[in-house]
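start-v4.cif follows (mmCIF, C-alpha atoms):
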data_target
loop_
_atom_site.group_PDB
_atom_site.id
_atom_site.type_symbol
_atom_site.label_atom_id
_atom_site.label_comp_id
_atom_site.auth_asym_id
_atom_site.auth_seq_id
_atom_site.Cartn_x
_atom_site.Cartn_y
_atom_site.Cartn_z
ATOM 1 C CA MET A 1 3.379 21.106 -4.910
ATOM 2 C CA GLU A 2 6.767 19.401 -5.144
ATOM 3 C CA THR A 3 6.765 16.044 -6.917
ATOM 4 C CA SER A 4 9.651 13.635 -7.406
ATOM 5 C CA VAL A 5 9.910 10.351 -9.281
ATOM 6 C CA THR A 6 12.955 8.121 -8.898
ATOM 7 C CA GLU A 7 13.644 4.818 -10.631
ATOM 8 C CA ILE A 8 15.047 2.860 -7.684
ATOM 9 C CA ALA A 9 15.478 -0.374 -9.677
ATOM 10 C CA ALA A 10 14.732 -1.435 -13.243
ATOM 11 C CA GLY A 11 11.035 -0.774 -13.803
ATOM 12 C CA VAL A 12 10.450 0.280 -10.177
ATOM 13 C CA PHE A 13 9.507 3.923 -9.640
ATOM 14 C CA GLN A 14 9.174 5.723 -6.312
ATOM 15 C CA MET A 15 6.684 8.614 -6.541
ATOM 16 C CA VAL A 16 6.540 11.281 -3.817
ATOM 17 C CA VAL A 17 4.182 14.256 -3.762
ATOM 18 C CA GLY A 18 4.373 17.030 -1.164
ATOM 19 C CA GLU A 19 5.950 16.997 2.263
ATOM 20 C CA GLY A 20 5.425 15.224 5.561
ATOM 21 C CA ALA A 21 3.001 16.373 8.232
ATOM 22 C CA HIS A 22 5.805 17.905 10.329
ATOM 23 C CA ASP A 23 9.581 17.926 10.764
ATOM 24 C CA GLY A 24 11.096 14.466 10.752
ATOM 25 C CA VAL A 25 8.128 12.892 8.961
ATOM 26 C CA TYR A 26 8.361 12.099 5.266
ATOM 27 C CA ALA A 27 5.509 12.217 2.765
ATOM 28 C CA PRO A 28 4.131 8.821 1.730
ATOM 29 C CA ASN A 29 5.961 6.892 -0.969
ATOM 30 C CA VAL A 30 3.860 5.383 -3.757
ATOM 31 C CA TYR A 31 5.458 2.828 -6.067
ATOM 32 C CA LEU A 32 4.775 1.913 -9.690
ATOM 33 C CA VAL A 33 6.205 -1.472 -10.677
ATOM 34 C CA VAL A 34 6.262 -2.050 -14.443
ATOM 35 C CA GLY A 35 6.730 -5.485 -15.984
ATOM 36 C CA SER A 36 6.812 -6.469 -19.635
ATOM 37 C CA GLU A 37 3.106 -7.390 -19.608
ATOM 38 C CA ARG A 38 1.440 -5.286 -16.914
ATOM 39 C CA ALA A 39 2.083 -3.159 -13.846
ATOM 40 C CA ALA A 40 1.196 -2.763 -10.185
ATOM 41 C CA ILE A 41 0.798 0.157 -7.798
ATOM 42 C CA ILE A 42 1.936 -0.220 -4.189
ATOM 43 C CA ASP A 43 0.149 2.128 -1.759
ATOM 44 C CA THR A 44 -1.777 5.239 -2.763
ATOM 45 C CA ALA A 45 -1.015 8.051 -0.244
ATOM 46 C CA TYR A 46 -3.820 10.320 1.013
ATOM 47 C CA GLY A 47 -5.851 10.597 -2.195
ATOM 48 C CA ARG A 48 -5.459 14.360 -2.531
ATOM 49 C CA ASP A 49 -6.086 15.806 -5.992
ATOM 50 C CA GLU A 50 -2.467 16.810 -6.565
ATOM 51 C CA GLU A 51 -1.237 13.347 -5.583
ATOM 52 C CA VAL A 52 -3.640 11.436 -7.805
ATOM 53 C CA GLU A 53 -2.958 13.745 -10.740
ATOM 54 C CA ALA A 54 0.809 13.347 -10.352
ATOM 55 C CA TYR A 55 0.625 9.539 -10.200
ATOM 56 C CA LEU A 56 -1.638 9.379 -13.228
ATOM 57 C CA GLU A 57 0.561 11.778 -15.194
ATOM 58 C CA PHE A 58 3.644 9.656 -14.610
ATOM 59 C CA TRP A 59 1.799 6.393 -15.328
ATOM 60 C CA ARG A 60 0.662 7.820 -18.677
ATOM 61 C CA SER A 61 4.200 9.050 -19.397
ATOM 62 C CA VAL A 62 5.467 5.438 -19.325
ATOM 63 C CA GLY A 63 2.740 4.272 -21.687
ATOM 64 C CA ALA A 64 -0.184 3.714 -19.290
ATOM 65 C CA PRO A 65 0.566 -0.001 -18.834
ATOM 66 C CA GLU A 66 -2.286 -2.268 -17.813
ATOM 67 C CA VAL A 67 -2.514 -2.229 -14.013
ATOM 68 C CA ALA A 68 -3.033 -5.682 -12.542
ATOM 69 C CA ALA A 69 -3.304 -4.624 -8.906
ATOM 70 C CA ILE A 70 -3.289 -1.670 -6.550
ATOM 71 C CA VAL A 71 -1.694 -3.168 -3.458
ATOM 72 C CA LEU A 72 -2.292 -1.652 -0.019
ATOM 73 C CA THR A 73 0.340 -2.541 2.564
ATOM 74 C CA HIS A 74 -1.878 -1.637 5.522
ATOM 75 C CA ARG A 75 -4.925 0.268 6.717
ATOM 76 C CA HIS A 76 -3.684 3.780 7.498
ATOM 77 C CA GLY A 77 -5.132 6.740 5.614
ATOM 78 C CA ASP A 78 -1.822 7.955 4.170
ATOM 79 C CA HIS A 79 -1.519 4.637 2.312
ATOM 80 C CA ILE A 80 -5.077 3.840 1.228
ATOM 81 C CA GLY A 81 -6.571 7.264 0.493
ATOM 82 C CA GLY A 82 -6.098 7.265 -3.266
ATOM 83 C CA ALA A 83 -7.063 3.654 -3.949
ATOM 84 C CA ALA A 84 -10.609 4.178 -5.227
ATOM 85 C CA ARG A 85 -9.652 7.068 -7.540
ATOM 86 C CA LEU A 86 -6.627 5.291 -8.947
ATOM 87 C CA ARG A 87 -8.675 2.163 -9.585
ATOM 88 C CA GLU A 88 -11.276 4.254 -11.401
ATOM 89 C CA ALA A 89 -8.622 5.839 -13.625
ATOM 90 C CA MET A 90 -6.172 2.961 -14.092
ATOM 91 C CA GLY A 91 -8.143 -0.212 -13.539
ATOM 92 C CA GLY A 92 -6.738 -3.058 -11.453
ATOM 93 C CA ASP A 93 -7.921 -4.805 -8.303
ATOM 94 C CA VAL A 94 -7.474 -3.185 -4.920
ATOM 95 C CA VAL A 95 -5.548 -5.852 -3.007
ATOM 96 C CA CYS A 96 -4.479 -6.230 0.633
ATOM 97 C CA GLY A 97 -3.486 -8.852 3.173
ATOM 98 C CA VAL A 98 -6.202 -11.193 4.420
ATOM 99 C CA ASP A 99 -6.114 -9.850 7.982
ATOM 100 C CA GLU A 100 -6.253 -6.183 6.959
ATOM 101 C CA ARG A 101 -9.311 -6.256 4.758
ATOM 102 C CA GLU A 102 -11.992 -5.374 7.299
ATOM 103 C CA ALA A 103 -9.996 -2.460 8.690
ATOM 104 C CA ILE A 104 -9.304 -1.043 5.228
ATOM 105 C CA GLU A 105 -12.925 -1.356 4.161
ATOM 106 C CA SER A 106 -14.093 0.464 7.280
ATOM 107 C CA GLU A 107 -11.815 3.364 6.346
ATOM 108 C CA PHE A 108 -13.052 4.020 2.833
ATOM 109 C CA SER A 109 -15.901 1.672 1.908
ATOM 110 C CA ALA A 110 -18.112 4.698 1.286
ATOM 111 C CA SER A 111 -15.839 5.772 -1.563
ATOM 112 C CA ARG A 112 -16.251 2.503 -3.461
ATOM 113 C CA MET A 113 -16.683 3.248 -7.164
ATOM 114 C CA ALA A 114 -19.194 0.535 -7.960
ATOM 115 C CA ASP A 115 -19.390 1.403 -11.645
ATOM 116 C CA ALA A 116 -15.655 1.832 -12.233
ATOM 117 C CA PRO A 117 -14.157 -0.551 -14.784
ATOM 118 C CA TYR A 118 -11.195 -2.605 -13.602
ATOM 119 C CA GLN A 119 -9.231 -5.645 -14.709
ATOM 120 C CA ARG A 120 -9.386 -8.641 -12.426
ATOM 121 C CA VAL A 121 -6.077 -10.084 -11.216
ATOM 122 C CA SER A 122 -5.658 -13.458 -12.882
ATOM 123 C CA ASP A 123 -3.382 -15.199 -10.371
ATOM 124 C CA ALA A 124 -5.113 -18.150 -8.726
ATOM 125 C CA ALA A 125 -3.318 -17.442 -5.429
ATOM 126 C CA ILE A 126 -5.477 -14.352 -4.916
ATOM 127 C CA GLU A 127 -8.826 -14.979 -3.258
ATOM 128 C CA ARG A 128 -11.774 -13.380 -5.015
ATOM 129 C CA ASP A 129 -14.358 -11.073 -3.543
ATOM 130 C CA SER A 130 -17.881 -11.958 -4.580
ATOM 131 C CA ILE A 131 -19.589 -9.444 -2.308
ATOM 132 C CA GLU A 132 -20.720 -6.263 -4.019
ATOM 133 C CA GLY A 133 -20.073 -2.898 -2.439
ATOM 134 C CA LEU A 134 -16.731 -3.633 -0.777
ATOM 135 C CA SER A 135 -13.681 -1.511 -1.426
ATOM 136 C CA VAL A 136 -11.171 -4.366 -1.398
ATOM 137 C CA ASP A 137 -11.442 -6.562 -4.483
ATOM 138 C CA ALA A 138 -9.053 -9.340 -3.488
ATOM 139 C CA THR A 139 -6.888 -10.512 -0.608
ATOM 140 C CA VAL A 140 -3.538 -12.280 -0.683
ATOM 141 C CA GLY A 141 -2.152 -14.861 1.670
ATOM 142 C CA ASP A 142 1.435 -15.282 2.783
ATOM 143 C CA GLY A 143 3.573 -16.454 -0.147
ATOM 144 C CA ALA A 144 1.076 -15.598 -2.897
ATOM 145 C CA THR A 145 2.651 -14.183 -6.060
ATOM 146 C CA LEU A 146 1.684 -11.842 -8.866
ATOM 147 C CA ALA A 147 3.473 -12.068 -12.224
ATOM 148 C CA LEU A 148 3.797 -8.861 -14.240
ATOM 149 C CA GLY A 149 6.090 -10.215 -16.967
ATOM 150 C CA GLY A 150 9.748 -10.371 -16.000
ATOM 151 C CA ALA A 151 8.754 -9.084 -12.580
ATOM 152 C CA THR A 152 7.210 -11.311 -9.930
ATOM 153 C CA LEU A 153 5.841 -9.855 -6.708
ATOM 154 C CA GLU A 154 5.693 -12.095 -3.632
ATOM 155 C CA PHE A 155 3.345 -11.118 -0.806
ATOM 156 C CA ILE A 156 4.667 -11.563 2.734
ATOM 157 C CA HIS A 157 2.417 -11.515 5.797
ATOM 158 C CA THR A 158 4.211 -9.287 8.318
ATOM 159 C CA PRO A 159 2.006 -8.332 11.300
ATOM 160 C CA GLY A 160 3.385 -5.713 13.635
ATOM 161 C CA HIS A 161 2.747 -2.104 12.644
ATOM 162 C CA THR A 162 -0.809 -3.327 12.077
ATOM 163 C CA LEU A 163 -2.050 -6.871 12.528
ATOM 164 C CA GLY A 164 -2.502 -7.338 8.778
ATOM 165 C CA SER A 165 0.532 -5.467 7.455
ATOM 166 C CA LEU A 166 1.862 -6.751 4.153
ATOM 167 C CA CYS A 167 5.354 -6.519 2.682
ATOM 168 C CA ILE A 168 6.000 -7.256 -0.981
ATOM 169 C CA LEU A 169 9.201 -8.660 -2.469
ATOM 170 C CA HIS A 170 10.053 -7.921 -6.105
ATOM 171 C CA ARG A 171 11.923 -11.162 -6.641
ATOM 172 C CA ASP A 172 13.730 -10.058 -9.785
ATOM 173 C CA ALA A 173 14.908 -6.649 -8.572
ATOM 174 C CA GLY A 174 15.373 -7.719 -4.957
ATOM 175 C CA ALA A 175 13.280 -4.760 -3.805
ATOM 176 C CA LEU A 176 11.337 -5.218 -0.578
ATOM 177 C CA PHE A 177 8.345 -2.872 -0.317
ATOM 178 C CA SER A 178 7.890 -2.529 3.428
ATOM 179 C CA GLY A 179 4.984 -0.130 3.917
ATOM 180 C CA ASP A 180 5.346 1.236 7.443
ATOM 181 C CA MET A 181 6.926 -1.913 8.862
ATOM 182 C CA ILE A 182 10.286 -0.339 7.977
ATOM 183 C CA LEU A 183 10.804 3.388 7.421
ATOM 184 C CA GLY A 184 13.608 5.046 5.503
ATOM 185 C CA THR A 185 14.844 6.690 8.693
ATOM 186 C CA GLY A 186 14.075 6.074 12.342
ATOM 187 C CA THR A 187 11.679 3.465 13.690
ATOM 188 C CA THR A 188 8.038 2.779 13.011
ATOM 189 C CA VAL A 189 5.091 3.085 15.383
ATOM 190 C CA ILE A 190 3.713 -0.020 17.054
ATOM 191 C CA SER A 191 0.530 0.931 18.918
ATOM 192 C CA PRO A 192 -1.641 -1.502 20.909
ATOM 193 C CA GLU A 193 -4.698 -0.200 19.043
ATOM 194 C CA HIS A 194 -3.504 -1.378 15.637
ATOM 195 C CA GLY A 195 -0.428 -3.524 16.076
ATOM 196 C CA ASP A 196 1.584 -5.928 18.193
ATOM 197 C CA MET A 197 5.180 -5.618 19.360
ATOM 198 C CA ALA A 198 5.882 -9.347 19.659
ATOM 199 C CA ALA A 199 4.539 -9.924 16.147
ATOM 200 C CA TYR A 200 6.605 -7.009 14.844
ATOM 201 C CA ILE A 201 9.870 -8.445 16.128
ATOM 202 C CA GLU A 202 9.017 -11.859 14.693
ATOM 203 C CA SER A 203 8.169 -10.274 11.334
ATOM 204 C CA MET A 204 11.547 -8.512 11.265
ATOM 205 C CA ARG A 205 13.225 -11.862 11.896
ATOM 206 C CA LYS A 206 11.117 -13.436 9.155
ATOM 207 C CA LEU A 207 12.209 -10.790 6.636
ATOM 208 C CA LEU A 208 15.863 -11.645 7.294
ATOM 209 C CA GLY A 209 15.188 -14.871 5.401
ATOM 210 C CA TYR A 210 14.345 -13.139 2.110
ATOM 211 C CA ASP A 211 16.784 -12.166 -0.633
ATOM 212 C CA ALA A 212 16.209 -8.420 -0.494
ATOM 213 C CA ARG A 213 18.861 -6.142 -1.975
ATOM 214 C CA LEU A 214 17.096 -2.893 -1.100
ATOM 215 C CA ILE A 215 14.154 -1.804 1.007
ATOM 216 C CA ALA A 216 11.563 0.536 -0.506
ATOM 217 C CA PRO A 217 9.846 1.981 2.584
ATOM 218 C CA GLY A 218 6.446 3.604 2.992
ATOM 219 C CA HIS A 219 8.135 6.880 3.969
ATOM 220 C CA GLY A 220 11.637 8.191 3.471
ATOM 221 C CA PRO A 221 14.647 7.170 1.392
ATOM 222 C CA VAL A 222 15.460 3.746 0.004
ATOM 223 C CA ILE A 223 17.566 1.524 2.281
ATOM 224 C CA GLU A 224 20.539 -0.054 0.491
ATOM 225 C CA THR A 225 21.550 -2.450 3.303
ATOM 226 C CA PRO A 226 18.446 -4.528 4.123
ATOM 227 C CA GLN A 227 20.035 -7.121 6.393
ATOM 228 C CA ALA A 228 21.850 -4.502 8.451
ATOM 229 C CA LYS A 229 18.658 -2.434 8.771
ATOM 230 C CA LEU A 230 16.569 -5.406 9.878
ATOM 231 C CA ASN A 231 19.143 -6.414 12.482
ATOM 232 C CA GLU A 232 19.338 -2.805 13.670
ATOM 233 C CA LEU A 233 15.571 -2.648 14.181
ATOM 234 C CA ILE A 234 15.448 -5.962 16.036
ATOM 235 C CA THR A 235 18.362 -4.942 18.260
ATOM 236 C CA HIS A 236 16.776 -1.566 18.993
ATOM 237 C CA ARG A 237 13.463 -3.065 20.073
ATOM 238 C CA LEU A 238 15.102 -5.706 22.268
ATOM 239 C CA ALA A 239 17.333 -3.048 23.846
ATOM 240 C CA ARG A 240 14.257 -0.921 24.571
ATOM 241 C CA GLU A 241 12.663 -3.926 26.273
ATOM 242 C CA GLU A 242 15.665 -4.357 28.538
ATOM 243 C CA GLN A 243 15.618 -0.636 29.310
ATOM 244 C CA ILE A 244 11.935 -0.777 30.276
ATOM 245 C CA VAL A 245 12.459 -3.835 32.490
ATOM 246 C CA ALA A 246 15.363 -2.113 34.257
ATOM 247 C CA LEU A 247 13.383 1.098 34.714
ATOM 248 C CA VAL A 248 10.395 -0.780 36.156
ATOM 249 C CA GLU A 249 12.661 -2.632 38.563
ATOM 250 C CA ALA A 250 14.085 0.775 39.583
ATOM 251 C CA GLY A 251 10.600 1.980 40.548
ATOM 252 C CA ASN A 252 9.193 3.578 37.373
ATOM 253 C CA ARG A 253 5.829 1.862 37.471
ATOM 254 C CA SER A 254 3.686 4.010 35.183
ATOM 255 C CA VAL A 255 3.659 4.671 31.459
ATOM 256 C CA ASP A 256 4.261 8.382 32.068
ATOM 257 C CA ALA A 257 7.199 7.709 34.380
ATOM 258 C CA LEU A 258 8.727 5.417 31.776
ATOM 259 C CA LEU A 259 8.140 8.028 29.077
ATOM 260 C CA GLU A 260 9.998 10.669 31.064
ATOM 261 C CA ALA A 261 12.813 8.297 32.035
ATOM 262 C CA ILE A 262 13.378 7.101 28.466
ATOM 263 C CA TYR A 263 13.108 10.406 26.629
ATOM 264 C CA ALA A 264 13.915 12.927 29.408
ATOM 265 C CA GLY A 265 11.763 15.538 27.695
ATOM 266 C CA ASN A 266 13.782 15.312 24.471
ATOM 267 C CA ILE A 267 10.865 14.514 22.204
ATOM 268 C CA HIS A 268 8.801 16.573 19.777
ATOM 269 C CA PRO A 269 5.426 17.480 21.371
ATOM 270 C CA GLN A 270 3.569 15.991 18.389
ATOM 271 C CA LEU A 271 5.254 12.652 19.029
ATOM 272 C CA MET A 272 4.376 12.345 22.720
ATOM 273 C CA GLU A 273 1.311 10.173 22.238
ATOM 274 C CA THR A 274 3.153 8.066 19.684
ATOM 275 C CA ALA A 275 5.960 7.444 22.168
ATOM 276 C CA ARG A 276 3.456 6.639 24.900
ATOM 277 C CA SER A 277 1.766 4.073 22.636
ATOM 278 C CA GLN A 278 5.130 2.552 21.784
ATOM 279 C CA ILE A 279 5.901 2.050 25.474
ATOM 280 C CA ARG A 280 2.480 0.497 26.033
ATOM 281 C CA ALA A 281 3.087 -1.928 23.171
ATOM 282 C CA HIS A 282 6.364 -3.007 24.758
ATOM 283 C CA ILE A 283 4.689 -3.424 28.152
ATOM 284 C CA ILE A 284 1.972 -5.665 26.697
ATOM 285 C CA LYS A 285 4.658 -7.956 25.289
ATOM 286 C CA LEU A 286 6.668 -7.927 28.522
ATOM 287 C CA GLU A 287 3.558 -8.609 30.628
ATOM 288 C CA ALA A 288 2.681 -11.583 28.430
ATOM 289 C CA GLU A 289 6.194 -12.897 29.007
ATOM 290 C CA GLY A 290 5.898 -12.355 32.771
ATOM 291 C CA ARG A 291 8.749 -9.850 32.889
ATOM 292 C CA VAL A 292 6.748 -6.853 34.206
ATOM 293 C CA ALA A 293 3.349 -6.427 35.835
ATOM 294 C CA ASN A 294 0.918 -3.842 37.191
ATOM 295 C CA ILE A 295 2.106 -0.804 35.235
ATOM 296 C CA ASP A 296 -0.098 2.244 35.897
ATOM 297 C CA GLY A 297 -1.643 3.858 32.831
ATOM 298 C CA GLN A 298 -1.360 0.742 30.689
ATOM 299 C CA ASP A 299 -5.081 0.683 30.079
ATOM 300 C CA GLY A 300 -5.291 4.419 29.299
#
Using the file provided, produce a representation of the structure as structure tokens.
Amino acid sequence: METSVTEIAAGVFQMVVGEGAHDGVYAPNVYLVVGSERAAIIDTAYGRDEEVEAYLEFWRSVGAPEVAAIVLTHRHGDHIGGAARLREAMGGDVVCGVDEREAIESEFSASRMADAPYQRVSDAAIERDSIEGLSVDATVGDGATLALGGATLEFIHTPGHTLGSLCILHRDAGALFSGDMILGTGTTVISPEHGDMAAYIESMRKLLGYDARLIAPGHGPVIETPQAKLNELITHRLAREEQIVALVEAGNRSVDALLEAIYAGNIHPQLMETARSQIRAHIIKLEAEGRVANIDGQDG
């Protein structure tokens, strides 16, 4: 299986194993951040044997630095799947945002390696888990930091793609690890089941206030123009809102009618439900703002 490792900034390595699920979808990116004293892993892909083996091989090739934390940006299986196995092999706490913990634990609590040795994160900003049998060892609040030695990671609460999504800023390199809040190409999915469109737009605006010099996304290539990308995403979502409002006023009063009017059949069949969820997420926001009402299929 194809594996690539790219040093996207000093001591920051993007590791990619395999290919995406279908055309237009990239395989998950996993990041190894190496400081002068210890290291951190950001996201863990699916947890397939070939992925775990590739990550461990590269980690050993750079001297197997002590791993302080295995950070999970959000709950989805292509980001959390390898966490338990990497913790068993590398050590380090499995860490996530406060509001994502329950969802992550429900995904893979059964794979908790209760006897696996790991090094506790020492930073006081990280809240400890004293309950045995949980997969997440520690949670981080907005603004908490983790020092690796010449490399400080700042955790940023960014709800949207999921309600507990976490972005991480490498302050020294200016690298913003965005999980699925920002993708290397295209736009991310905001579904009512897991996320919130209003929160997503506010999180994008929040990220404009950070000194990011590149974005390291959960899928796809690195983004070299963070501010432009963030503004592009905000503008796109607001433009979609205006389009939906106009279409509703023109008589398109169901999710399916809006789907057809927006995409006119020019959408990959595997993305139909994703697009439908995206429209529903927009409608929920617009209904809360009193801009649309009584859209058929919104509860489906």
From the list A:Leu148, A:Leu208, A:Ala246, A:Val189, the nearest residue to A:Arg280 using all atoms listed in the file is A:Val189
Which residue gives the smallest distance to A:His194 among A:Pro221, A:Ala84, A:His76, A:Arg240, with all atoms listed in the file counted?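 Between A:Pro221, A:Ala84, A:His76, A:Arg240, the residue approaching A:His194 most closely is A:His76.
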Among the residues A:Thr235, A:Thr188, A:Gln227, A:Thr44, the one that comes closest to A:Leu271 [using all atoms listed in the file]: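 Of all the options, A:Thr188 lies closest to A:Leu271.
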For stretch 8-14 of chain A: contacts at 7 Å, all atoms listed in the file, fewer than 3 positions along chain excluded, given as a list in words: Val5, Asn29, Val30, Tyr31, Leu32, Val33, Val34, Gly35 and Ala173 of chain A
Please produce, as a Markdown table, a per-residue contact table for stretch 216-271 of chain A versus stretch 154-171 of chain A (criterion: any atom at most 12 Å away, only C-alpha atoms considered), showing the nearest atom pair and its distance in Å to one decimal, sorted by chain then residue number.
| residue | atom | partner | partner_atom | distance |
| --- | --- | --- | --- | --- |
| A:Ala216 | CA | A:Ile168 | CA | 9.6 |
| A:Pro217 | CA | A:Cys167 | CA | 9.6 |
| A:Gly218 | CA | A:Cys167 | CA | 10.2 |
Residues returned when the PyMOL selection byres ((chain A and resi 254-262) around 8) runs on this file, as a list in words: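 For this structure, the PyMOL selection byres ((chain A and resi 254-262) around 8) resolves to Ile244, Leu247, Val248, Asn252, Arg253, Tyr263, Ala264, Gly265, Ala275, Arg276, Ile279, Arg280, Ile295, Asp296, Gly297 and Gln298 of chain A.
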Please produce an output containing C-alpha atoms for each residue in the selection, written as an mmCIF file, in the coordinates of the input.
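Written output follows (again16.cif):
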data_model
loop_
_atom_site.group_PDB
_atom_site.id
_atom_site.type_symbol
_atom_site.label_atom_id
_atom_site.label_comp_id
_atom_site.auth_asym_id
_atom_site.auth_seq_id
_atom_site.Cartn_x
_atom_site.Cartn_y
_atom_site.Cartn_z
ATOM 1 C CA ILE A 244 11.935 -0.777 30.276
ATOM 2 C CA LEU A 247 13.383 1.098 34.714
ATOM 3 C CA VAL A 248 10.395 -0.780 36.156
ATOM 4 C CA ASN A 252 9.193 3.578 37.373
ATOM 5 C CA ARG A 253 5.829 1.862 37.471
ATOM 6 C CA TYR A 263 13.108 10.406 26.629
ATOM 7 C CA ALA A 264 13.915 12.927 29.408
ATOM 8 C CA GLY A 265 11.763 15.538 27.695
ATOM 9 C CA ALA A 275 5.960 7.444 22.168
ATOM 10 C CA ARG A 276 3.456 6.639 24.900
ATOM 11 C CA ILE A 279 5.901 2.050 25.474
ATOM 12 C CA ARG A 280 2.480 0.497 26.033
ATOM 13 C CA ILE A 295 2.106 -0.804 35.235
ATOM 14 C CA ASP A 296 -0.098 2.244 35.897
ATOM 15 C CA GLY A 297 -1.643 3.858 32.831
ATOM 16 C CA GLN A 298 -1.360 0.742 30.689
#
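Put simply, the PyMOL selection byres ((chain A and resi 200) around 8) in this file takes in Thr158, Pro159, Gly160, His161, Met181, Ile190, Gly195, Asp196, Met197, Ala198, Ala199, Ile201, Glu202, Ser203 and Met204 of chain A.
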Selection result for the PyMOL selection byres ((chain A and resi 139-146) around 6) on this file, as JSON, numbers by chain: {"A": [95, 96, 97, 98, 125, 126, 127, 138, 147, 152, 153, 154, 155, 156, 157]}
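Separating atom CA of A:Phe58 from atom CA of A:Asp172 is a distance of 22.7 Å.
If you look at atom CA of A:Ala40 and atom CA of A:Lys206, they are 24.2 Å away from each other.
The smallest atom-to-atom distance between A:Asp137 and any of A:Gly92, A:Gly63, A:Gly150, A:Gly174, using all atoms listed in the file, is found for A:Gly92.
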Please list as a PyMOL selection string every residue within 12 Å of A:Asp49, counting all atoms listed in the file and excluding residues in the same chain fewer than 2 positions away. chain A and resi 1+17-18+44-47+51-56+81-82+85-86
For A:Val245, work out the shell of residues within 9 Å, counting all atoms listed in the file and skipping chain neighbours fewer than 2 positions away, then give it as a count of residues only. 12
